[in-house]
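Read the structure below first, then the notes.
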Amino acid sequence: MFAVQIFLATFDSLSLYRETDVWRQHAPMQAFSQMAAGDTSVGSTMSTALAPLPGRSPCSWREARPLGTLAPTLPSRDTNADTPYQTKRRRAQIRTPEVRRLITSSFHVPSSASPSPEHQLAPDVPIDLILSLSRFPFQFLFIPELVFPMSRTLVFKNDRHYSSDEWGFVIPVAVEDNEGGFAVARPEDYPNNNKIYIGREFQKIFENFVEGELFALTEVKPNTNFAKNDGPNRCQWVSTGYHSVALPASAYVPIIAMELPDLATGCVGYPPAAYVCNKPFFILNQGAVTGPFVVQKSDDEILVTPYKSSTPLALPKNFVAHFDMAALEGAELVLTTFATGMRRQFLTSLQRAKEKLDYEQLDFTSDTELVKEFADVGFGRGIANLSKAEARKLLAGLSEFRKRHKAIKDNDKTRRLESILDQYLAFEGVGNDVIRNYLQTSEGKAFIERFAQAQKHELLKDFIKDLQDRADDQRAEIGRQTAEIEQKLEDKKNDLKRLEDSFQRRQQEIDEQIRQFNEKLKEEKEKQLREANQQLAAELANRQRIYDELKEAIEECRTVTQRKKALKEMEEKIDELNKVQQYLQQSIDKKQQVYSSINLATDKMVEIDAVKKLLNGVSVTEEQAEIVPVKLVPSALTVSADTRASYIAELKGHFDQTEGRVYSYDEVANLVVTVMQNYLTIFAGPPGTGKTSSAARLADAMGLVTRNKDALQTDNFLTVPVARGWTSSRELLGFYNTLKGCYQPSRSGLYQFLQSFARQAADDPDRVDALKLVLLDEANLSSIEHYWSDFLLICDAFEEGARINLGGTSQLTRLLEIPGSLRFMGTINNDATVEGLSDRLVDRAAVIHLPHGSPSMIRKLHEDVVIGAVPYAELARAFLPAADEDAELDFDEARRLRPITDILSSSSPTIKGGQIHVSYRKLKAIGRYMAIAQKLDYEETEPLDFAIAQHVLPLVKGHGQGLRERLLKLRDKLQENNFAVSRNIVTGILETGVDFSDSYSFF
């Protein structure tokens, strides 16, 4: 008989492909073929009992229910005939209305049932089952035995949740794999509480399984909202009561450590664990595992008898298997767990135990079963109750049978039966069977009642006396035991007193030893510290002497260098003055020859001087005045690494009390760090988003602007309106007029601005320098890299200061000093009237994007707030990485930035073209930004988000489907990392791109 577990599923038709060599050996497959041919007789072979294959676990198939066993017995077919069992593949489609009527009338299941997608065909299945849709919709059979079940988690029932009976917990024991093996669950795999949370239908588990009973969960999923610091009621793994299934009787059979039952009666001294219930179990006794047994309760007795149902061990009736425990553990067939706080063991598979190990078969037939067994095979046939005469009859029949069949003479069962019958017949009181039969009648029962009533006192007299004697004996015994216990207790108290005294003495000795050791250790440490201090003092004095010597040598070198430099400059000036003197002398000589008359010479000199002033752009009636820097109000706050966050907060307070765009703490901190670390910072965005006002408000907040200054004074903030058509630096700075022999500044005022600070530095070297900001308003009306080219060259080394060659012939007119405290800001728009930014410029500048959509573009204007100017040296130490400071990205920052740059620059078979490379200069700028921004405690936006938005996304420019795919992936990656600023910029690039040509650009 070949049994196969079957389920019903909803399909339109069933197509079967089969291989004849193996198909022919399986009766269920023959039944399928008969039904395909229209034979409905196989319907009679389908029963309602479920018989899963040995060694196989039930499949976890949602919505499907096991309904019956298909086990038809069919005659073998001729393999040479032209039948559906030929070697080549044949296709049989089951479509007949008769088969449909037969199946739908025999089995019932919801039409929504369908096989779970988690199952897949086993590679060794002899046939392919292909379920396809066709003409006639009807319910048909599905065979999950041909499908590998997924792994299961073995668990114990635990407590309900305190807030609902439908929620609860189970304790994981092991995880079973597809091949029947298992791995014991480890507490570290189930953090917080070593449990699995049951989110639904825990009541089903609570009702179906007892405490300590092992069962399985067919599906366990991770809790996506789990965190390791959650409370003890939060679990990393979850499931539902729907996925709980009972284990088959032949798998994970409990092993109970106890005495074997009495062979004659089956009685045990104490019952096994409650979770065994009426299920089979094995007994562990003296290193051997025996079973399976089941528990039976009879009145006040506990009986343990052999398991009579069929198992893979194929044991005879009333026989049990006898395994060696060490052999089972060596074959990895024993699951041992302490999950519930006590040791529990299970034999994982009887089928595998049978296949892997040798074992004995022990006869555990009780006396009652033994008599019944011999009576059933013909000895004493017709015996109802075994009386003395009937026992003699059974014994005589057994003796006669042994004479005829000498082979069973030494059989254990026959010897036991003879012993039982002899003991019964030798019992005193022959005729007790007759008396017993009489007393069981109504007359006998009435006689017993009358006799007991009449002899009540006599009957109870002896019984009461016996009870009193036994009570006296028990009292005496209890008194004796009490005295012994009291004596033992007194002895124990004395022993405890001695131990306490000894412990106290020992404790005092140890304390004294510790005190002496500490004093000695203290003396040694003090001696070592004194010696170390003396050595350090000597070393410090030596180093101080060397330092003083080096300082004197450096001062000497510095003095010599300064004198050499001053001497050289004086020599150059003397040469120039000598040349001027020679030129003037020659001119005087010529003029004296031409103008012999004194009056004529005077008139000519006045005329020449007027022409000279006109050529130099100086009014005839007014001398050209020099611009001087105004003295700024100093800040009361000293900015350092410890106070820079407070400085940012004060700047934000100033922004909050001035009119313009609303800035958060994070945005103000980003403005300050970006402007300080970049020579050129560009504000990009549509008109009206507060680009120009943001630059002016930043300068005002930092104390670089003064309210009261005259036309010949300048503060530390200069606004330069850029005009259309600027092509060189002469529009921004000016040019050297070779005809006049002087430098002619442009109308921008930048030359006078820088020259005034250069003169101030020369006149007062010890002055306190402050930050200087220059705003190029509407900077891209002309090409920035053209008119700003002189400054573009020093972008990488601007912090150290530089000089610009103005083209003059003398030392005074040839070089312009550029201070290290100078920074440029620029505002740009994105429309058809402006110039684009070159890749070379974008690679050297930071771009801050200012979009529309701030909560409020206008704030109430409060009274003026003056913070004061902070010395540039303090700002540099607070917002620029030190020379010895590591400005590289740490591991976590690099791990998050690398996938973003890879999406833009890497090449792959799926994305072709549209590559954007991030230069080393940009990566270095991001590292410098993160080194400072990470220490400013941003409140909402991550610093890396600002760095990506300002240094990586401005590089986006190009076209093609490849670039679009990269931008889509980049947006998803930014969303994954919660980079909201950068994600919004990428979304805007995609939305404003040209779909026809797939053109996309940051600007």
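If you're wondering about the labels, chains in the structure tokens are A, B, ... by order shown, residues count from 1 in each chain, ligands from 1 in order shown.
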DSSP on the backbone: which residues in stretch 668-774 of chain A end up as strand (DSSP E or B)? Give the answer as a PyMOL selection string. chain A and resi 680-684+713-714+717-721+734-737+742-745+770+772-774
Which residues come within 9 Å of stretch 758-768 of chain A, counting only C-alpha atoms, excluding same-chain residues fewer than 5 positions away, as a count of residues only? 10
Neighbouring residues of A:Ser646 were defined as those with any atom within 12 Å, considering only C-alpha atoms; residues of the same chain fewer than 4 positions away were excluded. Please report them as a PyMOL selection string. chain A and resi 637-642+650-653+665+668-669+878+936-937
At a cut-off of 10 Å, using only C-alpha atoms, what residues contact A:Ile985? Leave out same-chain residues fewer than 6 positions from it and give the result as a ChimeraX atom specification. /A:849,851,949,953-954,971,991,1002
Separation of atom CA of A:Val268 and atom CA of A:Ile283, in Å? 11.8 Å
Write out as a VMD selection string which residues come within 12 Å of stretch 724-738 of chain A when counting only C-alpha atoms, dropping same-chain ones fewer than 2 positions away. chain A and resid 615 to 617 719 to 722 740 to 755 774 to 792 804 to 810 813 to 816 833 to 835
One number please: atom CA of A:Tyr359 to atom CA of A:Ala246, in Å, one decimal.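 Distance between the two atoms: 27.4 Å.
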Test item: residues at most 7 Å from A:Ser821, only C-alpha atoms, excluding those fewer than 6 positions along its chain, as a PyMOL selection string: chain A and resi 770-772+872
